[in-house]
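One structure below.
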Protein chains: 4
Amino acid sequence: MKSILIKGGQLITASDTFFADVLITGEKIALIGTDLPADHAEILDARGKLIMPGGIDPHTHFDLPMFDTVSSDDHYTGHKAAAFGGTTTVIDFVPQEVGSLKSSVDLWHAKADNKAAIDFGFHMNLSHFNDQIAAEIPLLLDEGISSLKVFTAYNNRLRLQDGEIFQVLRIAREHGMLTLLHAENGDVIEILISEALAAGHTSPEWHAYTRPAWGAVEASLRAASLAAQADAPIYIVHMNTAGEVDFLQYMRQKGVPVMGETCPPYLFFTVDHLRRPDGAKWICSPPMRGVEDNQRLWEGLKNSTIQVVGTDHCPFFFDGSTPIVYEGQPVAIPGKELGKDDFTKIPNGLPGVGDRLPILWTYGVRANRITPNQFIALTSTNPAKIFGLYPRKGALLPGSDADIVIWDPDRKLTYGLAHAQHRTDYNLFEGWELVGYPDKIFLRGELIVDQGVWHGHAGMGKFLRRSTKSFVI
Amino acid sequence: MKSILIKGGQLITASDTFFADVLITGEKIALIGTDLPADHAEILDARGKLIMPGGIDPHTHFDLPMFDTVSSDDHYTGHKAAAFGGTTTVIDFVPQEVGSLKSSVDLWHAKADNKAAIDFGFHMNLSHFNDQIAAEIPLLLDEGISSLKVFTAYNNRLRLQDGEIFQVLRIAREHGMLTLLHAENGDVIEILISEALAAGHTSPEWHAYTRPAWGAVEASLRAASLAAQADAPIYIVHMNTAGEVDFLQYMRQKGVPVMGETCPPYLFFTVDHLRRPDGAKWICSPPMRGVEDNQRLWEGLKNSTIQVVGTDHCPFFFDGSTPIVYEGQPVAIPGKELGKDDFTKIPNGLPGVGDRLPILWTYGVRANRITPNQFIALTSTNPAKIFGLYPRKGALLPGSDADIVIWDPDRKLTYGLAHAQHRTDYNLFEGWELVGYPDKIFLRGELIVDQGVWHGHAGMGKFLRRSTKSFVI
Amino acid sequence: MKSILIKGGQLITASDTFFADVLITGEKIALIGTDLPADHAEILDARGKLIMPGGIDPHTHFDLPMFDTVSSDDHYTGHKAAAFGGTTTVIDFVPQEVGSLKSSVDLWHAKADNKAAIDFGFHMNLSHFNDQIAAEIPLLLDEGISSLKVFTAYNNRLRLQDGEIFQVLRIAREHGMLTLLHAENGDVIEILISEALAAGHTSPEWHAYTRPAWGAVEASLRAASLAAQADAPIYIVHMNTAGEVDFLQYMRQKGVPVMGETCPPYLFFTVDHLRRPDGAKWICSPPMRGVEDNQRLWEGLKNSTIQVVGTDHCPFFFDGSTPIVYEGQPVAIPGKELGKDDFTKIPNGLPGVGDRLPILWTYGVRANRITPNQFIALTSTNPAKIFGLYPRKGALLPGSDADIVIWDPDRKLTYGLAHAQHRTDYNLFEGWELVGYPDKIFLRGELIVDQGVWHGHAGMGKFLRRSTKSFVI
Amino acid sequence: MKSILIKGGQLITASDTFFADVLITGEKIALIGTDLPADHAEILDARGKLIMPGGIDPHTHFDLPMFDTVSSDDHYTGHKAAAFGGTTTVIDFVPQEVGSLKSSVDLWHAKADNKAAIDFGFHMNLSHFNDQIAAEIPLLLDEGISSLKVFTAYNNRLRLQDGEIFQVLRIAREHGMLTLLHAENGDVIEILISEALAAGHTSPEWHAYTRPAWGAVEASLRAASLAAQADAPIYIVHMNTAGEVDFLQYMRQKGVPVMGETCPPYLFFTVDHLRRPDGAKWICSPPMRGVEDNQRLWEGLKNSTIQVVGTDHCPFFFDGSTPIVYEGQPVAIPGKELGKDDFTKIPNGLPGVGDRLPILWTYGVRANRITPNQFIALTSTNPAKIFGLYPRKGALLPGSDADIVIWDPDRKLTYGLAHAQHRTDYNLFEGWELVGYPDKIFLRGELIVDQGVWHGHAGMGKFLRRSTKSFVI
């Protein structure tokens, strides 16, 4: 079995920062120690580098049909982009189709398995609910799926009623599963959208105006209250408002098992970006909010009110009408231009799976907003614990998968489309200066990215059967 | 025109406490001054007494059909009981029947007008909603009705969907009307009730267990969020949990025009009372909560987070199977016994319209929880302002209706069924010691209660056409 | 006895807004009523006008020696300026001199009594403390003084130690007196000032940098904690930071009898003003803070966390070296120029006694930050109640002193030095547009200001012997 | 060099829980890995056991003179008791004597070095301050002391003035040192004590009545405010009130670098215990508070508002007049009986260094108040990081000292004096049922406690020269 000895690096975990050598044997971390002997191992000199567990992004949407198009990264291009950014595990959402839950899962496997280039798991969306579905939910555990996602928005498409969410929470609790929730008020949004369109408001910023922040705030609290009543944990995805942070803190202080995730764009951008001529680039749901929301979300990360930074990666081309060349191939997938005359037709979603770690390192850790240990906790260890992957993933521990990032803390670069590997034609962080960047990425002991060169391949990513042994943190 | 000169009393208003004489001419207060000359007025010596504006109870349900019975006070017995307790104005809720809103209002007038013994107004319940009803809402102003009530609970009976509530709020805003909201989560309640019954839980405390506090909390915040999004004021009725106070304070601090009401039972009783053998006596919705809720509600009154103390008066007999003699007549109306084998069949509601002022005086003012001025604000001036009755009602001002309470601050008594005039067979405050009690009550210049003797009569109460000139306070 | 009948105006009190006539007989309000007959009274047509109780400013410093000069308004010019701005009562602070407290009071009477043009009271500063002084404190009640002021700043000049403040609070409590407190941390300020001067920092903004906000915040909480431990009420003067509002709210919610005052400059100006070339104009202690402090103080006013808006009026000339002509006389009193080379020598204090009501009306009431009733409460009724003047002052009640402002809500003007009557050469609100301004001012029934013309005179103001019957609100 | 291989245990760190083998080589942890080969190592079978880093108690007072006695554990008996309870590092406080700081340190070394049985460091008390001392503070770093302690209480004995504390904070900041603070209001306490004694109140509960909670609350905020103004970190020792938790949370949210410690007694006991006949057993400063304080402190631990659980170990005999036999020797040190007629003469302090981990495990971790990882963070990793011992101590990392606790999670026992090894005659947790207890304790690779048998010896403990590389967490 092949061995690699990473020598002289500084390890960073969710709580520790220390110098040690790491011995990888096969797919696993075998040893962590001082001055480990080389024996037969290949030596990797990591002096001056940081050693981190591979990032885990629990919120991606690859190859997702939306409106008259599809998200522009599939399970191969998206995985590859993730890897370049230091992420070695993703959890993607399976849309609920007509038929059994298993048939929906099978469909997603058919899309993903042959393309997967990093390890991956699935969450199951629940967008309609009845006794039959209720009975099928526990069977998802047999599929290795231990988390469910529900929506309080997207009436007649994705939304469940409060009572249905309550029932899902209780089934989840009974079987040790975790419920994720998209928090907005679908009713209000439907009304505001109709009115906006009727009034001839078609430009991107109306996407934000028709999805008010208070709707996100109350839906978060509503969800957490349903969880409290069901005595079940809940996880609020893509938190985006100051009010959500206030309430998450309140509820957690009251002992309610509610956890939260935010995504980088909500930490940096505001509704002002939607008012730009290229505002469609920032269109996703929930929308960008205000500066005070950015700031309160940072506070939430700093004081551990929010547990995870994911991405909600769901990229589209800004201009999908003109093919671009991606890896030598012309690619033309309709994109944001679909909604140029109607904001409701702009595909919702942003690229980000690869941006997450580099952006958060420079503008979070180096900016003294979070510590290096919090960086690891938020992007790797916590999602591993919450989603039943720990300690196999999210940790630099003997026995853990050797998903390892060798991070160069001194690397400086001007970030953007040229570095990000997302299959799209724009990057939200174009031109941002970075200090610190991934140097090498190992997936289960294999070097898949080495100083910007891709050594991975489609199909090498494994589907992760997740356990119900998750943590509420 | 008849004149009465009230001499030597100490006036208490929402902000002032002072000695002055009050001259009533006809139905109105004409003068407030020092050492007013008697001229031709009848003199009422009020030395040692307090002079207050008549109480306003904005939350009553007289003669309300429920399950297989009806609330046991009609518009005469209820008005009379109110008067004995110092309340000279009530606002009752008109159930929405099939047909036009006006026809529902007419029906309620038919029940009330001939019986009314004090002045009264109507709120309009909205328990179903469509374009036709939307169009009729503004016409209620022609009926003198400027407030609407909606529910987030009672699925398939009273509940509106969030989007409907949002539309009601916007119509209300456009026409200067105010929306009241009953905050509980109907979906969860339905589920918990079915399960409780299926499990054979039939006793009264299950009424509370199936209506969890978190549901009230989130529904209050949801309502206030809808109001924020509609830019419309909202009024949360019968606040009952600590969490609601927390959120009301939060929302008001954020500038949201949300106001709140609580009722005496929520200040004093807990779910423990429902566990008593006669627990059905305390059954109403929302249910009694815990000691920490009592305490936080008091804080909410003290620091003006909550603006009104109403009653939600909706009495039933504890034992309606045996007729009682009321004013010389045998009365037998089915009551709480209807649910002796099934808590869901217990008529929901409590007596209280007459208890409010005496109980709140001794256990609020004298207990130093609120000041005398706050007592007036909470029970008279604030509801007058909020509901478009001010300064005709709720004030001791020249030009105001001469609805006046002469309060004896030294009167001691052991309160209970013997004093309360509600038409029912029990009183929640039976045996409580009081210091301070109404001595004389004037309605528009007429002495209707004099030291426990009733001088009023059915039909003397006037319907109050309320204006849209209300205040958000 | 002379009678004046004010007809047709709209009265505004701390809780009520209503149309009525007001009859003044001699020095008192005799009657409030509708359509009052003229009889022998002089009629004042107040249609279209607002009738308010005269303002009460509980925080002035007239003729106060400071550094090598004296505050530029004496008890005549200051009273007159107050009157022009609608204020008919002031409470001035008596510095504690060597000798008995009574001798300090006598000294202040000697300065004030013959000059007084409006009614006035005194607070007693306590800037040194021992058993003798402790024994003299209750005797102040014989002097008509029921309030004491202590300082946590100004080491070796005004500051008392915590234990001394605690003792003062307990003496105050025993005798029904109220303690006022200036909250800053004297120790830190002394150190920072020495260092700033040593480093050659002499410009005005260093006044702010050497008096950090956290010092004010902790000193406020410290004071309130001492009050809690002494079970005595306390009143924090000139609140100026967001943190103070946070803590006042916290403490009040916990039941601690703490009250607070802010002053207009803290609502509008920031440390940026001190950085201007004429920054010395804004020098007072505590200093101006930031925009978020302005905003949080407004919230504190709106939600009744703060009870009073006073002025801390203590004016100096910006350029006292060149005499100005004031009422035909040349006046030259050294001013802010004393500190042109050393910020610690800039006399501390701002003009404001006349600005308070007009500025707060336009930029508070008309800007929808506070209601008209809150305006009256904050500037008149609350200080009357808190400082033992109620209901003689601060109220439009029969029996109250006829201190009445006839306010023209439609009057528009560009405010500044030309309108303000302060004896100084600048106005902080120069050029601000106002809508609404005092039209006529009555002091105990005498018209002292009539559309900008002064009819008062020195000596007509009466010293107010204040009672211990104060309110904690 | 001797090697020990701990096989099959479950490791618990501040963030991780995982199965691995640990190889100790000499004094250090050498390797952490799966299925480590024995080679020449001695094997320790740890299946079914938990492996934890040794506890670090940053708050002890051994051999401390107080009143007319001395704390009854010296640096040997105290260290030994610590070890039995799973603690392998303590940091003791050096009293500031007359003379140089170094001479005080030398004195403490003379007491400690030959007795030390576990590793230890020193904090330096600063109880008087002047320029000379200011100059000596940085020299403490040469002594291996990087933390300073100051007091806002104990006037004329230990207290520094605010300005002195501010200066200490700034010196500390300049040199990378950390300031610890005892938060109470000395002034108020002095006054209340004199009065209580004058009134003949001599019993133990008066110790609590004369040290009000609000004094602790404000002093904590004051300290944190001074730290904010000095831009220096601060660490509040022995937090004991709900209000302190509220403010710590507030300040940390505002970005102030303030940290906090509580001690087990404050989590479990209340002032009611002081009212018992043996109330003196609970006498320490600050005193026990109320149930709501216990609860809020737990919340503070759970949500990471509080970072450390220390002990403030400072034991006295309850009855020191009768010698007890300790390790075969009669021991008679005057104790709590000194104050039987005067609560101010009761030596202040509680035993606890050995109780901390076992009590917190059963009543914290097993009671679901904190997680196992939080247990490690609070009692070992966080104090190591905060006090400059990390990663040498407080971590299970290669290169760390092999201070290891083998914890038996299934061990049940009834705790009390029979188990605790403190040299005193009572235990606060007498009779408490425990599940989970230390089985073996290693200090730098040496087994010093093995199933209740002591293998350590005086002098084996090393003085820890602490670095300034501490963390604000």
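Naming works like this for the structure tokens: A, B, ... for the chains as they're shown, residue 1 at the start of each chain, ligands 1 onward in shown order.
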Query - Neighbours of chain C in chain B at 6 Å, counting only C-alpha atoms, as a list of chain:residue names - result: B:Ser15, B:Ala30, B:Leu31, B:Ile32, B:Gly33, B:Thr34, B:Pro398
Expected file contents, prior selection, all heavy atoms, as a PDB file, in the first residue's frame:
```pdb
ATOM      1  N   SER B  15     -51.615  59.888  31.961  1.00  0.00           N
ATOM      2  CA  SER B  15     -50.345  60.479  32.374  1.00  0.00           C
ATOM      3  C   SER B  15     -50.444  61.341  33.617  1.00  0.00           C
ATOM      4  O   SER B  15     -49.424  61.657  34.209  1.00  0.00           O
ATOM      5  CB  SER B  15     -49.738  61.314  31.238  1.00  0.00           C
ATOM      6  OG  SER B  15     -50.512  62.469  31.032  1.00  0.00           O
ATOM      7  N   ALA B  30     -67.909  68.636  30.495  1.00  0.00           N
ATOM      8  CA  ALA B  30     -67.900  70.013  30.007  1.00  0.00           C
ATOM      9  C   ALA B  30     -66.687  70.777  30.517  1.00  0.00           C
ATOM     10  O   ALA B  30     -66.055  71.524  29.779  1.00  0.00           O
ATOM     11  CB  ALA B  30     -69.184  70.735  30.438  1.00  0.00           C
ATOM     12  N   LEU B  31     -66.418  70.580  31.778  1.00  0.00           N
ATOM     13  CA  LEU B  31     -65.369  71.379  32.403  1.00  0.00           C
ATOM     14  C   LEU B  31     -64.534  70.542  33.354  1.00  0.00           C
ATOM     15  O   LEU B  31     -65.064  69.664  34.031  1.00  0.00           O
ATOM     16  CB  LEU B  31     -65.998  72.479  33.268  1.00  0.00           C
ATOM     17  CG  LEU B  31     -66.565  73.712  32.612  1.00  0.00           C
ATOM     18  CD1 LEU B  31     -67.045  74.652  33.733  1.00  0.00           C
ATOM     19  CD2 LEU B  31     -65.498  74.408  31.771  1.00  0.00           C
ATOM     20  N   ILE B  32     -63.256  70.875  33.392  1.00  0.00           N
ATOM     21  CA  ILE B  32     -62.405  70.348  34.452  1.00  0.00           C
ATOM     22  C   ILE B  32     -61.719  71.546  35.072  1.00  0.00           C
ATOM     23  O   ILE B  32     -61.092  72.350  34.374  1.00  0.00           O
ATOM     24  CB  ILE B  32     -61.388  69.344  33.883  1.00  0.00           C
ATOM     25  CG1 ILE B  32     -62.161  68.160  33.287  1.00  0.00           C
ATOM     26  CG2 ILE B  32     -60.420  68.885  34.955  1.00  0.00           C
ATOM     27  CD1 ILE B  32     -61.310  67.096  32.686  1.00  0.00           C
ATOM     28  N   GLY B  33     -61.902  71.716  36.347  1.00  0.00           N
ATOM     29  CA  GLY B  33     -61.343  72.919  36.955  1.00  0.00           C
ATOM     30  C   GLY B  33     -61.245  72.787  38.453  1.00  0.00           C
ATOM     31  O   GLY B  33     -61.679  71.803  39.045  1.00  0.00           O
ATOM     32  N   THR B  34     -60.669  73.807  39.027  1.00  0.00           N
ATOM     33  CA  THR B  34     -60.552  73.809  40.479  1.00  0.00           C
ATOM     34  C   THR B  34     -61.707  74.618  41.051  1.00  0.00           C
ATOM     35  O   THR B  34     -62.081  75.672  40.519  1.00  0.00           O
ATOM     36  CB  THR B  34     -59.225  74.455  40.902  1.00  0.00           C
ATOM     37  OG1 THR B  34     -59.032  75.645  40.137  1.00  0.00           O
ATOM     38  CG2 THR B  34     -58.068  73.515  40.638  1.00  0.00           C
ATOM     39  N   PRO B 398     -62.546  67.643  28.492  1.00  0.00           N
ATOM     40  CA  PRO B 398     -63.749  68.375  28.084  1.00  0.00           C
ATOM     41  C   PRO B 398     -64.122  67.933  26.671  1.00  0.00           C
ATOM     42  O   PRO B 398     -63.249  67.859  25.804  1.00  0.00           O
ATOM     43  CB  PRO B 398     -63.305  69.831  28.072  1.00  0.00           C
ATOM     44  CG  PRO B 398     -62.012  69.885  28.793  1.00  0.00           C
ATOM     45  CD  PRO B 398     -61.408  68.535  28.744  1.00  0.00           C
TER      46      PRO B 398
END
```
Report task. Name the residues of range 48-293 of chain B that fall into helix (DSSP H, G or I) according to DSSP on the backbone, using the chain letters and numbers of this document, as a PyMOL selection string. Result -> chain B and resi 77-84+101-112+131-143+162-175+186-198+205-209+213-230+242-253+264-268+271-274+279-282+291-293
**Report entry** Within 8 Å of range 159-163 of chain B using only C-alpha atoms, minus same-chain residues under 2 positions, as a list in words
**Finding:**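 Listing them by chain and then by number gives Asp187, Val188 and Ile191 of chain A; Leu126, Ser127, His128, Phe129, Val150, Phe151, Thr152, Ala153, Tyr154, Asn155, Asn156, Arg157, Ile165, Phe166, Gln167, Gly186 and Leu226 of chain B.
In this structure, CA of Thr241 in chain D sits 27.5 Å away from CA of Gly388 in chain D.
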Requested in this report: Please measure the separation of CA of Lys7 in chain B and CA of Ile404 in chain C, giving the value in Å to one decimal.
Outcome: 25.4 Å
For Asp425 in chain D, please output as a compact mmCIF listing (two decimals) with C-alpha atoms, in the first residue's frame all residues within 9 Å (counting only C-alpha atoms; exclusion window: fewer than 3 positions along the same chain).
```txt
# COMPACT_ATOMS: atom_id res chain seq x y z
CA PHE D 316 -9.82 25.50 54.91
CA PHE D 317 -10.89 23.09 57.58
CA PHE D 318 -14.45 23.49 58.69
CA ASP D 319 -13.23 22.66 62.15
CA GLY D 320 -9.53 23.34 62.37
CA ILE D 324 -7.23 15.33 61.76
CA LEU D 417 -14.27 13.23 51.42
CA HIS D 422 -7.93 17.68 49.59
```
Query - Non-local contacts of Ile370 in chain A (8 Å; only C-alpha atoms; under 5 positions in same chain excluded) as a PyMOL selection string - result: chain A and resi 301-302+364-365+375
Report task. Tell me, in Å to one decimal, how far CA of Leu169 in chain D is from CA of Met239 in chain C. Result ->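 If I compute the distance from CA of Leu169 in chain D to CA of Met239 in chain C, I get 26.8 Å.
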Every residue of range 212-367 of chain A that DSSP places in strand (DSSP E or B), as a CSV table (one decimal) with C-alpha atoms, in the first residue's frame:
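Okay, this is what ended up in states_3.csv:
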```
chain,number,residue,atom,x,y,z
A,234,ILE,CA,-33.1,21.6,12.3
A,235,TYR,CA,-30.5,23.3,10.1
A,236,ILE,CA,-31.3,26.6,8.4
A,237,VAL,CA,-29.6,26.8,5.0
A,238,HIS,CA,-28.1,30.0,3.5
A,239,MET,CA,-28.8,32.4,6.3
A,258,VAL,CA,-31.3,24.8,15.7
A,259,MET,CA,-28.2,25.2,13.6
A,260,GLY,CA,-27.4,27.5,10.7
A,261,GLU,CA,-25.4,27.9,7.6
A,262,THR,CA,-24.4,31.0,5.6
A,270,THR,CA,-25.6,43.6,-1.0
A,289,ARG,CA,-29.4,42.0,1.6
A,308,VAL,CA,-21.3,26.2,8.7
A,309,VAL,CA,-20.3,28.1,5.7
A,313,HIS,CA,-23.3,26.5,-5.6
A,324,ILE,CA,-17.5,29.4,-24.4
A,325,VAL,CA,-14.6,27.0,-24.6
A,326,TYR,CA,-14.2,24.9,-21.5
A,329,GLN,CA,-14.9,22.1,-25.8
A,330,PRO,CA,-17.5,24.6,-26.8
A,331,VAL,CA,-20.1,24.9,-24.1
A,350,LEU,CA,-24.4,31.5,-8.1
```
**Report entry** Contact residues around Ile376 in chain C with only C-alpha atoms at 8 Å, ignoring same-chain residues under 2 positions, as a PyMOL selection string
**Finding:** chain C and resi 12-14+52-53+55+372-374+378-381
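With only C-alpha atoms as the atoms that count, the residue of A:Phe67, A:Tyr426, A:Phe463, A:Trp454 with the shortest distance to Trp108 in chain A is A:Phe463.
Distances from B:Val245, B:Ile283, B:Ala458, B:Leu178 to Pro233 in chain B were compared using only C-alpha atoms, and the smallest one belongs to B:Leu178.
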Residues within 10 Å of Leu107 in chain B, please, as a PDB file with all heavy atoms, in the first residue's frame. Count only C-alpha atoms; anything in the same chain fewer than 4 positions from it doesn't count.
```
ATOM      1  N   VAL B  94     -67.437  40.335  15.330  1.00  0.00           N
ATOM      2  CA  VAL B  94     -68.506  39.838  14.466  1.00  0.00           C
ATOM      3  C   VAL B  94     -67.976  38.631  13.687  1.00  0.00           C
ATOM      4  O   VAL B  94     -67.044  38.774  12.897  1.00  0.00           O
ATOM      5  CB  VAL B  94     -68.940  40.925  13.459  1.00  0.00           C
ATOM      6  CG1 VAL B  94     -70.004  40.380  12.516  1.00  0.00           C
ATOM      7  CG2 VAL B  94     -69.400  42.171  14.177  1.00  0.00           C
ATOM      8  N   PRO B  95     -68.558  37.461  13.888  1.00  0.00           N
ATOM      9  CA  PRO B  95     -68.121  36.307  13.096  1.00  0.00           C
ATOM     10  C   PRO B  95     -68.478  36.517  11.624  1.00  0.00           C
ATOM     11  O   PRO B  95     -69.528  37.099  11.313  1.00  0.00           O
ATOM     12  CB  PRO B  95     -68.937  35.141  13.675  1.00  0.00           C
ATOM     13  CG  PRO B  95     -69.428  35.615  15.001  1.00  0.00           C
ATOM     14  CD  PRO B  95     -69.582  37.096  14.879  1.00  0.00           C
ATOM     15  N   GLU B  97     -69.977  35.313   8.496  1.00  0.00           N
ATOM     16  CA  GLU B  97     -70.892  34.272   8.032  1.00  0.00           C
ATOM     17  C   GLU B  97     -70.820  34.199   6.511  1.00  0.00           C
ATOM     18  O   GLU B  97     -70.228  35.056   5.863  1.00  0.00           O
ATOM     19  CB  GLU B  97     -72.335  34.629   8.443  1.00  0.00           C
ATOM     20  CG  GLU B  97     -72.512  34.855   9.927  1.00  0.00           C
ATOM     21  CD  GLU B  97     -72.352  33.587  10.751  1.00  0.00           C
ATOM     22  OE1 GLU B  97     -72.422  32.472  10.173  1.00  0.00           O
ATOM     23  OE2 GLU B  97     -72.120  33.692  11.976  1.00  0.00           O
ATOM     24  N   LEU B 101     -70.069  40.771   4.022  1.00  0.00           N
ATOM     25  CA  LEU B 101     -69.640  41.191   5.355  1.00  0.00           C
ATOM     26  C   LEU B 101     -70.750  41.986   6.024  1.00  0.00           C
ATOM     27  O   LEU B 101     -71.000  41.852   7.221  1.00  0.00           O
ATOM     28  CB  LEU B 101     -68.367  42.035   5.243  1.00  0.00           C
ATOM     29  CG  LEU B 101     -67.130  41.315   4.684  1.00  0.00           C
ATOM     30  CD1 LEU B 101     -65.933  42.263   4.677  1.00  0.00           C
ATOM     31  CD2 LEU B 101     -66.803  40.063   5.495  1.00  0.00           C
ATOM     32  N   LYS B 102     -71.423  42.805   5.224  1.00  0.00           N
ATOM     33  CA  LYS B 102     -72.483  43.613   5.819  1.00  0.00           C
ATOM     34  C   LYS B 102     -73.566  42.733   6.423  1.00  0.00           C
ATOM     35  O   LYS B 102     -74.117  43.039   7.483  1.00  0.00           O
ATOM     36  CB  LYS B 102     -73.079  44.552   4.768  1.00  0.00           C
ATOM     37  CG  LYS B 102     -74.174  45.427   5.348  1.00  0.00           C
ATOM     38  CD  LYS B 102     -74.529  46.610   4.519  1.00  0.00           C
ATOM     39  CE  LYS B 102     -75.471  47.551   5.277  1.00  0.00           C
ATOM     40  NZ  LYS B 102     -76.461  46.907   6.119  1.00  0.00           N
ATOM     41  N   SER B 103     -73.884  41.655   5.770  1.00  0.00           N
ATOM     42  CA  SER B 103     -74.935  40.795   6.330  1.00  0.00           C
ATOM     43  C   SER B 103     -74.487  40.194   7.655  1.00  0.00           C
ATOM     44  O   SER B 103     -75.280  40.034   8.581  1.00  0.00           O
ATOM     45  CB  SER B 103     -75.336  39.713   5.330  1.00  0.00           C
ATOM     46  OG  SER B 103     -74.255  38.814   5.143  1.00  0.00           O
ATOM     47  N   LYS B 111     -78.501  41.033  17.163  1.00  0.00           N
ATOM     48  CA  LYS B 111     -78.339  40.435  18.490  1.00  0.00           C
ATOM     49  C   LYS B 111     -78.075  41.485  19.557  1.00  0.00           C
ATOM     50  O   LYS B 111     -78.472  41.333  20.707  1.00  0.00           O
ATOM     51  CB  LYS B 111     -77.120  39.501  18.488  1.00  0.00           C
ATOM     52  CG  LYS B 111     -77.294  38.195  17.760  1.00  0.00           C
ATOM     53  CD  LYS B 111     -76.049  37.325  18.041  1.00  0.00           C
ATOM     54  CE  LYS B 111     -76.234  35.922  17.514  1.00  0.00           C
ATOM     55  NZ  LYS B 111     -75.377  34.962  18.233  1.00  0.00           N
ATOM     56  N   ALA B 112     -77.338  42.514  19.166  1.00  0.00           N
ATOM     57  CA  ALA B 112     -76.766  43.402  20.179  1.00  0.00           C
ATOM     58  C   ALA B 112     -77.588  44.656  20.447  1.00  0.00           C
ATOM     59  O   ALA B 112     -77.710  45.088  21.597  1.00  0.00           O
ATOM     60  CB  ALA B 112     -75.357  43.821  19.749  1.00  0.00           C
TER      61      ALA B 112
END
```
